[in-house]
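Below is coords34.tsv, which holds TSV, C-alpha atoms.
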chain	number	residue	atom	x	y	z
A	1	MET	CA	0.00	0.00	0.00
A	2	ASP	CA	2.83	2.40	0.88
A	3	ILE	CA	4.47	1.77	-2.50
A	4	ILE	CA	1.29	2.81	-4.32
A	5	ILE	CA	1.07	6.06	-2.35
A	6	VAL	CA	4.75	6.83	-2.97
A	7	GLY	CA	4.24	6.10	-6.68
A	8	ILE	CA	1.28	8.48	-6.89
A	9	ILE	CA	3.26	11.20	-5.12
A	10	ILE	CA	6.20	10.75	-7.52
A	11	VAL	CA	3.91	11.00	-10.56
A	12	LEU	CA	2.31	14.18	-9.20
A	13	LEU	CA	5.73	15.70	-8.50
A	14	VAL	CA	6.97	14.94	-12.02
A	15	VAL	CA	3.86	16.50	-13.60
A	16	GLY	CA	4.16	19.54	-11.35
A	17	LEU	CA	7.86	20.02	-12.09
A	18	ARG	CA	7.28	19.81	-15.85
A	19	ALA	CA	4.53	22.43	-15.66
A	20	THR	CA	6.72	24.67	-13.49
A	21	LYS	CA	9.66	24.36	-15.89
A	22	LYS	CA	7.41	25.27	-18.83
A	23	HIS	CA	5.93	28.18	-16.87
A	24	MET	CA	9.35	29.59	-15.95
A	25	LYS	CA	10.40	29.51	-19.60
A	26	GLY	CA	7.34	31.64	-20.45
A	27	GLU	CA	5.68	28.85	-22.41
A	28	GLY	CA	2.81	27.91	-20.13
A	29	GLY	CA	-0.23	29.71	-18.86
A	30	CYS	CA	0.29	31.42	-15.53
A	31	CYS	CA	-2.39	34.05	-15.15
A	32	GLY	CA	-5.52	32.09	-15.86
A	33	GLY	CA	-5.09	32.37	-19.59
A	34	GLY	CA	-4.34	28.78	-20.41
A	35	SER	CA	-2.20	28.00	-23.41
A	36	THR	CA	-3.74	30.49	-25.87
A	37	PRO	CA	-2.27	34.00	-25.50
A	38	VAL	CA	-4.41	37.14	-25.54
A	39	LYS	CA	-4.82	38.38	-29.11
A	40	VAL	CA	-3.90	42.04	-29.25
A	41	PRO	CA	-4.48	43.77	-32.58
A	42	GLU	CA	-1.60	45.98	-33.63
A	43	LYS	CA	-2.39	49.60	-32.89
A	44	LYS	CA	-1.23	52.10	-35.53
A	45	LEU	CA	-0.48	55.66	-34.50
A	46	SER	CA	-0.83	58.54	-36.95
A	47	LYS	CA	2.31	60.35	-35.77
A	48	VAL	CA	4.81	59.22	-33.13
A	49	VAL	CA	6.07	62.12	-31.01
A	50	GLY	CA	7.91	60.09	-28.38
A	51	THR	CA	8.72	56.70	-26.94
A	52	LYS	CA	9.22	55.24	-23.47
A	53	ILE	CA	10.61	51.96	-22.22
A	54	VAL	CA	8.59	50.48	-19.36
A	55	ILE	CA	10.17	47.75	-17.21
A	56	VAL	CA	7.35	45.49	-15.97
A	57	ASP	CA	7.44	43.00	-13.11
A	58	GLY	CA	5.31	39.87	-13.08
A	59	MET	CA	5.15	38.91	-16.76
A	60	THR	CA	6.06	35.26	-17.26
A	61	CYS	CA	4.21	34.07	-20.36
A	62	GLU	CA	2.74	35.12	-23.70
A	63	HIS	CA	-0.61	35.61	-22.02
A	64	CYS	CA	0.93	38.13	-19.58
A	65	LYS	CA	2.55	39.89	-22.53
A	66	GLY	CA	-0.84	40.22	-24.21
A	67	TRP	CA	-2.47	41.65	-21.08
A	68	VAL	CA	0.22	44.33	-20.72
A	69	GLU	CA	0.09	45.28	-24.43
A	70	LYS	CA	-3.71	45.43	-24.31
A	71	ALA	CA	-3.70	47.61	-21.18
A	72	ILE	CA	-1.24	50.13	-22.61
A	73	ASN	CA	-2.95	50.15	-26.01
A	74	GLU	CA	-6.18	51.19	-24.29
A	75	ILE	CA	-4.50	54.51	-23.42
A	76	ASP	CA	-5.53	57.07	-26.04
A	77	GLY	CA	-2.48	57.88	-28.17
A	78	ALA	CA	-0.30	54.96	-26.99
A	79	SER	CA	0.84	51.77	-28.67
A	80	ALA	CA	2.87	49.07	-26.90
A	81	LYS	CA	5.13	46.27	-28.02
A	82	VAL	CA	6.25	43.96	-25.18
A	83	ASN	CA	9.53	42.05	-25.12
A	84	LEU	CA	8.80	39.20	-22.71
A	85	LYS	CA	12.43	38.07	-22.35
A	86	LYS	CA	13.58	41.57	-21.35
A	87	ARG	CA	10.39	42.12	-19.30
A	88	GLU	CA	9.87	45.50	-20.94
A	89	ALA	CA	7.31	47.32	-23.04
A	90	GLY	CA	8.26	49.80	-25.73
A	91	VAL	CA	5.56	52.48	-25.75
A	92	SER	CA	5.15	54.72	-28.79
A	93	MET	CA	3.11	57.87	-28.21
A	94	GLU	CA	1.30	60.28	-30.51
A	95	ARG	CA	0.83	62.69	-27.58
A	96	GLU	CA	2.66	63.22	-24.30
A	97	ILE	CA	1.52	60.53	-21.85
A	98	SER	CA	2.45	60.75	-18.18
A	99	ASP	CA	4.32	57.99	-16.43
A	100	GLU	CA	1.47	57.76	-13.94
A	101	GLU	CA	-1.05	57.04	-16.71
A	102	ILE	CA	1.13	54.18	-17.94
A	103	ARG	CA	1.69	52.87	-14.40
A	104	ALA	CA	-2.06	52.92	-13.74
A	105	ALA	CA	-2.83	50.95	-16.93
A	106	VAL	CA	-0.18	48.31	-16.16
A	107	LYS	CA	-1.36	48.04	-12.54
A	108	LYS	CA	-4.96	47.63	-13.67
A	109	ALA	CA	-3.81	44.69	-15.82
A	110	GLY	CA	-2.32	43.08	-12.71
A	111	TYR	CA	1.38	43.87	-13.12
A	112	ARG	CA	3.84	46.32	-11.59
A	113	VAL	CA	6.00	48.94	-13.28
A	114	ILE	CA	9.58	48.86	-12.00
A	115	GLU	CA	10.90	51.76	-14.06
A	116	ILE	CA	10.00	54.02	-16.96
A	117	LYS	CA	12.83	55.33	-19.11
This entry written out as structure tokens:
Amino acid sequence: MDIIIVGIIIVLLVVGLRATKKHMKGEGGCCGGGSTPVKVPEKKLSKVVGTKIVIVDGMTCEHCKGWVEKAINEIDGASAKVNLKKREAGVSMEREISDEEIRAAVKKAGYRVIEIK
């Protein structure tokens, strides 16, 4: 009986470790999104007057990337492109957008801004 219980525990550990490894590589779902990332249509700006780099904490998968891009794209006059490996969003602006407006959008999406350059 003990061998069966130990076997079940080992199987559960192996499955859990595989999922964790996939998650840490940014390949698995981590934020309730499952395996299909959020589809964010590319947002075209009429005239870019400035750019900012936003360092974001908490993004670990393609789904997280989509949530951050979507949140920033909802700001009037802003378009974001997220680099998941660098954990940063490049924000193009067609009007001056305050750092606080960007921070609020990212926070609303469930993530935290570390720095805005």
Please provide the set of residues having any atom within 10 Å of A:Ile97, restricted to all atoms listed in the file, with same-chain residues fewer than 2 positions apart removed, written as a PyMOL selection string. chain A and resi 50-52+75-78+91-95+99-102
If I put a ball of radius 7 Å at (4.2, 48.6, -28.0) in the file's coordinates, which residues poke into it when counting all atoms listed in the file, written as a ChimeraX atom specification? /A:69,79-82,89-92
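You will find atom CA of A:Asn83 at 14.9 Å from atom CA of A:Ala71.
Among the candidate residues A:Val68, A:Arg112, A:Arg103, A:Glu96, the one lying nearest to A:Val49 is A:Glu96, with distances computed using only C-alpha atoms.
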Which protein, DNA or RNA residues are at most 12 Å from (-4.6, 45.2, -15.6) in the file's coordinates when you count all atoms listed in the file, listed as a ChimeraX atom specification? /A:31,56,58-59,64-74,102-113
Just-selected residues, C-alpha atoms written as a PDB file, in the coordinates of the input:
ATOM      1  CA  CYS A  31      -2.390  34.050 -15.150  1.00  0.00           C
ATOM      2  CA  VAL A  56       7.350  45.490 -15.970  1.00  0.00           C
ATOM      3  CA  GLY A  58       5.310  39.870 -13.080  1.00  0.00           C
ATOM      4  CA  MET A  59       5.150  38.910 -16.760  1.00  0.00           C
ATOM      5  CA  CYS A  64       0.930  38.130 -19.580  1.00  0.00           C
ATOM      6  CA  LYS A  65       2.550  39.890 -22.530  1.00  0.00           C
ATOM      7  CA  GLY A  66      -0.840  40.220 -24.210  1.00  0.00           C
ATOM      8  CA  TRP A  67      -2.470  41.650 -21.080  1.00  0.00           C
ATOM      9  CA  VAL A  68       0.220  44.330 -20.720  1.00  0.00           C
ATOM     10  CA  GLU A  69       0.090  45.280 -24.430  1.00  0.00           C
ATOM     11  CA  LYS A  70      -3.710  45.430 -24.310  1.00  0.00           C
ATOM     12  CA  ALA A  71      -3.700  47.610 -21.180  1.00  0.00           C
ATOM     13  CA  ILE A  72      -1.240  50.130 -22.610  1.00  0.00           C
ATOM     14  CA  ASN A  73      -2.950  50.150 -26.010  1.00  0.00           C
ATOM     15  CA  GLU A  74      -6.180  51.190 -24.290  1.00  0.00           C
ATOM     16  CA  ILE A 102       1.130  54.180 -17.940  1.00  0.00           C
ATOM     17  CA  ARG A 103       1.690  52.870 -14.400  1.00  0.00           C
ATOM     18  CA  ALA A 104      -2.060  52.920 -13.740  1.00  0.00           C
ATOM     19  CA  ALA A 105      -2.830  50.950 -16.930  1.00  0.00           C
ATOM     20  CA  VAL A 106      -0.180  48.310 -16.160  1.00  0.00           C
ATOM     21  CA  LYS A 107      -1.360  48.040 -12.540  1.00  0.00           C
ATOM     22  CA  LYS A 108      -4.960  47.630 -13.670  1.00  0.00           C
ATOM     23  CA  ALA A 109      -3.810  44.690 -15.820  1.00  0.00           C
ATOM     24  CA  GLY A 110      -2.320  43.080 -12.710  1.00  0.00           C
ATOM     25  CA  TYR A 111       1.380  43.870 -13.120  1.00  0.00           C
ATOM     26  CA  ARG A 112       3.840  46.320 -11.590  1.00  0.00           C
ATOM     27  CA  VAL A 113       6.000  48.940 -13.280  1.00  0.00           C
TER      28      VAL A 113
END
I need the residue nearest A:Lys86 from this list: A:Ile3, A:Ile55, A:Val14, A:Leu45. Use all atoms listed in the file for the distance.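 Among A:Ile3, A:Ile55, A:Val14, A:Leu45, it is A:Ile55 that comes nearest to A:Lys86.
Here atom CA of A:Lys43 and atom CA of A:Ser98 stand 19.1 Å from one another.
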Using all atoms listed in the file, which of the listed residues (A:Val15, A:Val40, A:Val54, A:Ile116) sits closest to A:Arg87?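 That would be A:Val54, the residue with the smallest distance to A:Arg87.
Atom CA of A:Leu12 to atom CA of A:Asp57 spans 29.5 Å [interatomic distance, one decimal].
Across A:Glu88, A:Val11, A:Ile5, A:Lys39, the tightest approach to A:Ile53 is made by A:Glu88 when counting only C-alpha atoms.
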